[in-house]
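Trainee: Input: one structure, supplied below.
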Amino acid sequence: MDVLFTIEDLAKYPFSKDSREYIEELNFDYKDFKGPYGERVLQRAYSRVNEAIEKRVISPAFHEDLDVEILSFPTAVLLVGTIGDSLLSTRYAIAESKRASIFLRSETLEKIVYLASSTFNWKLSLNVDSKFEGYMFKLHFKDYLLHVPEHSPAWKLSNRVLKNGEVLLTKHDVVRLLEEAVKIYVLEHLAKKREIEDPYGIISPWIEKIREIWGRYKARIESRKMVDYGEEAYPPCIISLINDVKAGRNIPHVGRFALAAFLLNIGKSVEEVLEIFKNSPDFNENIARYQIEHIAGLRGSRIKYSPFKCENMKSYGLCRDDGSTCRGIKHPLQYYYKRGMARKRKNVKQKRVS
Amino acid sequence: MSNKSEFLKRIFSKYYKRARIYIPDSLPQREFAFVYFGKEGYMHRHIAFNNEDELISHFKLHVPRHVFYSSAYYEYPAASNMNEKGWLGAELIFDIDVDHIETPCKEFHDKWTCLNCGASGWGIPPQLCYNCGSEKIRRETWVCEVCLSVAKDEALKLIDFLINDFGFSKNDMMIVFSGHRGFHVHVKDSEILTLDQDSRREISDYIRGIGVDYRFFIPTKPALYTPYALDFRDPAWLGRIARSLYSLIASNQLEEKLKKAGVSARKIEKITAMREEIIKKLEENPPNWSYISKLIDPNTWERIFHLLTEEEGVKIDERVTIDVKRLIRLPETLHGKTGMKVALLNYHKLEEFDIEKHAVVFPSDNVKITIKKPPKKVLNIDLSTKREALEVPFYVFVYFLANGAEVKRIKT
């Protein structure tokens with residue numbers, strides 16, 4: 001397929017194979033950070049990271065100099081990767097993937113196919129079977145399975161059209177899967193070991209600047225996260241799962257996943273979670289530990305999993321909302337923090353009164 | 001070593017003298033495991049061979065009773081710590097074993113005994129002893145022609161999924177008779193060797209029909225998703241659901257099946273009353289789903305889908321498929337509990353599977369035996385009419401012996 005990748009495209013998708021080749025041709029080196037041009041690249045790289053931290057997504061606006069724009073991506077990866085904070089890395093990777101997703105949504109089908117196959121080696125092609133209107137793409141099931149963004153009925157392979165090894169997909173599906181691929185790509189690059197050459201001391205101040213804003217942000221989050229609001233703040237679905245486990249009842253795989261992911265996300269350690277699962281009738285410490293560590297992001301894909309959002313908990317039959325308890329709640333973790341903080345405020349008030 | 005074990009070892013040794021056992025690809029990267037005669041309680045693991053000759057001479061020297069190899073490839077297959085083996089990838093494997101499938105014949109040949117109180121019975125063993133509640137239950141299982149025919153149908157269904165849905169070629173598939181009550185299918189397509197557990201679970205779920213959600217297939221209110229417009233010729237679960245729903249509605253066991261699926265008597269009555277109408281609407285081209293879907297309530301659809309996926313899905317042992325470090329029987333070796341060959345088949349041989357032709361390696365000349373408390377049925381032999389002495393082919397005698405029956409050969 002003949003697809004023309006313009007310089008704007010390189011700026012839209014700075015992780016693409018074409019961009020990598022272009023950057024190589026620019027022959028930009030550590031020493032080139034010195035001077036006003038390098039300064040602009042560092043400034044733009046910093047703004048990418050800053051936006052990721054503050055807004056969770058990097059806006060699609062380009063720097064006026066497209067070369068600066070393109071170079072700022074590997075530079076930002078360099079800055080974030082050097083800091084080596086896994087939470088920051090994930091946040092930055094997600095923000096880059098969301099930025100790419102914004103562009104991909106209005107991209108031509110041909111360009112999407114080109115990008116997916118050249119950059120990620122996907123076996124993606126256009127679907128010409130007129131029976132399945134709206135399903136413009138077909139993708140090898142392996143690429144599909146490795147990039148499924150969430151455990152939900154809509155992404156379950158069983159509910160998909162799978163023929164001759166290819167899954168039929170809508171444009172929306174493919175963009176979502178590519179978003180996941182970009183995230184994994186950025187994460188992999190952030191994790192690479194690197195030694196910075198910074199003879200003029202130009203790069204380090206930017207790293208420090210990012211450390212500072214990230215530190216401030218993290219303190220805000222951690223102060224909220226590390227407070228143990230106790231089981232009173234658990235949503236009914238989680239309480240029900242805990243009760244089932246405690247009673248030695250067998251709960252489905254998705255239920256175990258939801259429970260473990262919830263507990264890990266509110267700051268419980270692998271050991272603490274393991275302790276809860278010890279009552280399961282088929283408990284096997286090795287297997288359970290492996291799975292919990294996997295969910296905690298200590299193994300495999302190294303991605304820390306979130307519990308399912310409410311919509312998916314409902315699909316799995318795990319939701320225990322009676323229609324009023326969870327009003328306005330979209331995610332079990334949201335319930336926990338909201339409830340927890342409300343209780344805290346109440347306690348403070350009561351203390352003042354007494 | 002008991003006389004029985006010695007006898008079995010002697011005839012196994014004869015087999016291995018001339019047998020051409022299967023040599024896995026990338027042999028030096030595979031782990032092997034053996035159970036030897038006289039040391040049946042222990043599995044010798046973490047064994048590796050540099051080449052074919054080493055492997056073959058191990059057989060000649062040790063004459064193993066059971067032989068397994070890893071579906072995985074390792075950098076250091078002989079390392080005794082799983083984490084130090086250096087996993088490189090694994091075949092995608094499927095295990096169909098009648099142990100996990102309900103069959104009518106188990107009443108005739110599967111026996112359980114409680115090791116605590118001595119209670120016993122025929123058929124599928126209970127989780128806990130009926131009499132004393134103990135978990136210590138010993139099982140005695142036998143294979144008969146019914147088991148094999150059920151397992152074969154499942155294996156053929158599995159291969160349909162692997163070819164038509166997953167697009168694997170027959171050349172990438174290895175079909176094996178397990179030597180006892182089922183079949184193994186290995187897929188070696190280079191694309192899938194490095195798949196992780198999560199992806200393998202998805203594949204396993206797909207083949208078992210786990211997670212098939214009626215809301216994607218049938219227009220319902222409130223609509224959560226845009227449903228597919230199913231047709232009988234459709235690929236994937238779409239066609240399976242359409243075809244299977246049609247045969248369910250047209251089936252003369254409709255009421256019975258719905259009842260088993262937990263549909264209430266009132267609703268069953270309603271559905272059977274509309275049967276002709278549903279069939280007519282299904283036969284329209286394309287089927288009139290918006291009409292059909294309204295005739296049945298969501299809750300009942302869910303139950304019907306459970307029924308359909310149960311019938312269309314393949315009863316594989318999902319643990320085997322998900323495990324990326326599984327040990328599995330080595331083809332063309334002998335199964336130590338049956339004396340039959342773990343036989344390498346192909347699609348055609350599976351279709352026409354005949355245990356005597358494909359897996360029996362010992363002579364079929366009749367021998368006279370006496371047997372105490374035999375199962376009522378083994379292979380194609382009916383033992384329900386009890387006789388003191390009977391005549392069976394020699395390989396059946398070996399099977400009795402290997403599987404722990406109280407059998408004696410009468411020398412004539």
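In the structure tokens, chains take the letters A, B, ... in the order shown, each chain's residues start at 1, and ligands count up from 1 in the order shown.
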Using only C-alpha atoms, which residues sit within 8 Å of Leu350 (chain B) once same-chain residues fewer than 3 positions away are excluded, as a list in words?
Mentor: Lys152, Leu156, Ile175, Leu345, Asn346, Tyr347 and Phe353 of chain B
Trainee: Next, write the just-selected residues to a file, as an mmCIF file, in the first residue's frame, keeping C-alpha atoms as the atom set.
Mentor:
```
data_model
loop_
_atom_site.group_PDB
_atom_site.id
_atom_site.type_symbol
_atom_site.label_atom_id
_atom_site.label_comp_id
_atom_site.auth_asym_id
_atom_site.auth_seq_id
_atom_site.Cartn_x
_atom_site.Cartn_y
_atom_site.Cartn_z
ATOM 1 C CA LYS B 152 -13.161 -37.937 19.387
ATOM 2 C CA LEU B 156 -12.962 -32.826 15.875
ATOM 3 C CA ILE B 175 -2.964 -34.689 16.931
ATOM 4 C CA LEU B 345 -2.430 -39.399 14.504
ATOM 5 C CA ASN B 346 -3.463 -37.065 11.748
ATOM 6 C CA TYR B 347 -6.854 -35.584 10.940
ATOM 7 C CA PHE B 353 -9.901 -43.556 15.130
#
```
Trainee: Which polymer residues have any atom within 12 Å of an atom of Ile58 (chain A), counting only C-alpha atoms, with same-chain residues fewer than 6 positions away left out, as a PyMOL selection string?
Mentor: chain A and resi 12+44-52+73+76+91-103
Trainee: With a cut-off of 9 Å and counting only C-alpha atoms, select all residues of chain B in contact with chain A and give the selection as a PyMOL selection string.
Mentor: chain B and resi 162-168+191-192+195-196+198-200+202-203+205-207+209-214+216-217+225+228-229+234-238
Trainee: Which residues come within 10 Å of Ser86 (chain A), counting only C-alpha atoms, excluding same-chain residues fewer than 4 positions away, as a ChimeraX atom specification?
Mentor: /A:80-81,90-92,187,190-191,297,302-304
Trainee: Write out, as a PDB file, in the first residue's frame, the residues just selected, with C-alpha atoms.
Mentor:
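result-v5.pdb, written as the output of this step:
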```pdb
ATOM      1  CA  VAL A  80      11.292  10.700  32.092  1.00  0.00           C
ATOM      2  CA  GLY A  81      13.280   7.493  31.635  1.00  0.00           C
ATOM      3  CA  THR A  90       3.020   5.030  33.208  1.00  0.00           C
ATOM      4  CA  ARG A  91       1.421   8.424  33.387  1.00  0.00           C
ATOM      5  CA  TYR A  92       3.590   9.810  30.629  1.00  0.00           C
ATOM      6  CA  LEU A 187       6.814   2.194  28.507  1.00  0.00           C
ATOM      7  CA  LEU A 190      11.266   4.430  29.191  1.00  0.00           C
ATOM      8  CA  ALA A 191      12.488   1.252  30.861  1.00  0.00           C
ATOM      9  CA  GLY A 297       2.559  -4.945  37.851  1.00  0.00           C
ATOM     10  CA  ARG A 302       4.768  -4.711  34.255  1.00  0.00           C
ATOM     11  CA  ILE A 303       1.530  -2.835  34.079  1.00  0.00           C
ATOM     12  CA  LYS A 304      -0.315  -2.301  37.309  1.00  0.00           C
TER      13      LYS A 304
END
```
Trainee: List the neighbours of Asn243 (chain A) out to 12 Å using only C-alpha atoms; skip same-chain residues closer than 4 positions along the sequence, and give me the result as a VMD selection string.
Mentor: chain A and resid 231 236 to 239 247 to 251 259 276 to 277 279 to 280
Trainee: Tell me, in Å to one decimal, how far CA of Tyr336 (chain A) is from CA of Asn265 (chain A).
Mentor: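 For CA of Tyr336 (chain A) relative to CA of Asn265 (chain A), the distance reads 10.5 Å.
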Trainee: Identify, with DSSP run on backbone atoms, the residues in region 194-367 of chain B assigned to strand (DSSP E), and express the list as number ranges by chain.
Mentor: B: 327-329, 344-345, 366-367
Trainee: If we count only C-alpha atoms, what is near region 355-359 of chain B at a cut-off of 6 Å, once residues fewer than 3 positions away on the same chain are taken out, given as a count of residues only?
Mentor: 3
Trainee: Name the residues of region 63-250 of chain B that come out as helix (DSSP H, G or I) in a backbone DSSP run; write them as JSON, numbers by chain.
Mentor: {"B": [82, 83, 84, 98, 99, 100, 106, 107, 108, 109, 145, 146, 147, 148, 149, 150, 151, 152, 153, 154, 155, 156, 157, 158, 159, 160, 161, 162, 163, 164, 165, 170, 171, 172, 190, 191, 192, 197, 198, 199, 200, 201, 202, 203, 204, 205, 206, 207, 208, 214, 215, 216, 236, 237, 238, 239, 240, 241, 242, 243, 244, 245, 246, 247, 248, 249, 250]}
Trainee: Can you pull out every residue within 8 Å of Leu178 (chain A), counting only C-alpha atoms, but drop anything in the same chain fewer than 2 positions away, and send it as a list in words?
Mentor: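 Neighbouring residues, sequence-local ones excluded: Ser101, Ala116, His147, Val174, Val175, Arg176, Glu180, Ala181 and Val182 of chain A.
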Trainee: Between CA of Lys294 (chain B) and CA of Gly134 (chain A), what is the distance, to one decimal in Å?
Mentor: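 For CA of Lys294 (chain B) relative to CA of Gly134 (chain A), the distance reads 24.9 Å.
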Trainee: Neighbours of Asp18 (chain A) within 9 Å (only C-alpha atoms; same-chain residues fewer than 5 positions away dropped), as a list of chain:residue names?
Mentor: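 Surrounding residues, per the criterion: A:Phe5, A:Leu10, A:Tyr13, A:Ile23, A:Leu115, A:Ser118, A:Thr119.
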Trainee: Pull N, CA and C atoms from the residues just selected and write them as a JSON list (two decimals), in the first residue's frame.
Mentor:
```
[["chain", "number", "residue", "atom", "x", "y", "z"],
["A", 5, "PHE", "N", 3.65, 9.59, 4.07],
["A", 5, "PHE", "CA", 3.79, 10.05, 5.45],
["A", 5, "PHE", "C", 4.40, 11.45, 5.41],
["A", 10, "LEU", "N", 4.76, 12.77, 10.91],
["A", 10, "LEU", "CA", 5.88, 12.44, 11.79],
["A", 10, "LEU", "C", 5.70, 13.10, 13.15],
["A", 13, "TYR", "N", 2.83, 11.30, 15.03],
["A", 13, "TYR", "CA", 3.21, 9.97, 15.51],
["A", 13, "TYR", "C", 4.72, 9.87, 15.66],
["A", 23, "ILE", "N", 14.39, 11.01, 12.55],
["A", 23, "ILE", "CA", 15.20, 11.53, 13.66],
["A", 23, "ILE", "C", 16.66, 11.11, 13.48],
["A", 115, "LEU", "N", 0.59, 2.54, 9.57],
["A", 115, "LEU", "CA", 1.25, 2.81, 10.86],
["A", 115, "LEU", "C", 1.34, 1.53, 11.70],
["A", 118, "SER", "N", 3.80, -1.01, 9.93],
["A", 118, "SER", "CA", 5.22, -0.65, 9.86],
["A", 118, "SER", "C", 5.83, -0.45, 11.25],
["A", 119, "THR", "N", 5.07, 0.17, 12.15],
["A", 119, "THR", "CA", 5.64, 0.50, 13.45],
["A", 119, "THR", "C", 5.54, -0.64, 14.45]]
```
Trainee: Report as a tab-separated table the residues of region 53-92 of chain A within 10 Å of region 205-213 of chain A, each with its shortest atom pair and distance in Å (one decimal), using only C-alpha atoms, ordered by chain and increasing residue number.
Mentor:
```
residue	atom	partner	partner_atom	distance
A:Ile53	CA	A:Ile213	CA	8.0
A:Glu54	CA	A:Ile213	CA	9.0
A:Ala76	CA	A:Ile207	CA	9.6
A:Leu78	CA	A:Ile207	CA	9.2
A:Leu79	CA	A:Ile207	CA	5.7
A:Val80	CA	A:Ile207	CA	7.6
A:Gly81	CA	A:Ile207	CA	9.8
A:Thr82	CA	A:Ile207	CA	7.8
A:Ile83	CA	A:Ile207	CA	7.2
A:Asp85	CA	A:Arg211	CA	9.5
A:Leu88	CA	A:Arg211	CA	9.6
```
Trainee: Taking C-alpha atoms for each residue, export the selection above as a PDB file, in the first residue's frame.
Mentor:
```pdb
ATOM      1  CA  ILE A  53       1.410  15.222  34.851  1.00  0.00           C
ATOM      2  CA  GLU A  54      -1.085  18.041  35.110  1.00  0.00           C
ATOM      3  CA  ALA A  76      10.934  13.651  26.783  1.00  0.00           C
ATOM      4  CA  LEU A  78      15.040  10.538  27.840  1.00  0.00           C
ATOM      5  CA  LEU A  79      14.068  12.891  30.671  1.00  0.00           C
ATOM      6  CA  VAL A  80      11.292  10.700  32.092  1.00  0.00           C
ATOM      7  CA  GLY A  81      13.280   7.493  31.635  1.00  0.00           C
ATOM      8  CA  THR A  82      16.216   8.936  33.567  1.00  0.00           C
ATOM      9  CA  ILE A  83      13.995   9.708  36.525  1.00  0.00           C
ATOM     10  CA  ASP A  85       9.751   6.475  38.555  1.00  0.00           C
ATOM     11  CA  LEU A  88       5.523   8.786  36.256  1.00  0.00           C
TER      12      LEU A  88
END
```
Trainee: One number please: CA of Ser223 (chain A) to CA of Gly340 (chain A), in Å, one decimal.
Mentor: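 CA of Gly340 (chain A) lies 12.6 Å from CA of Ser223 (chain A).
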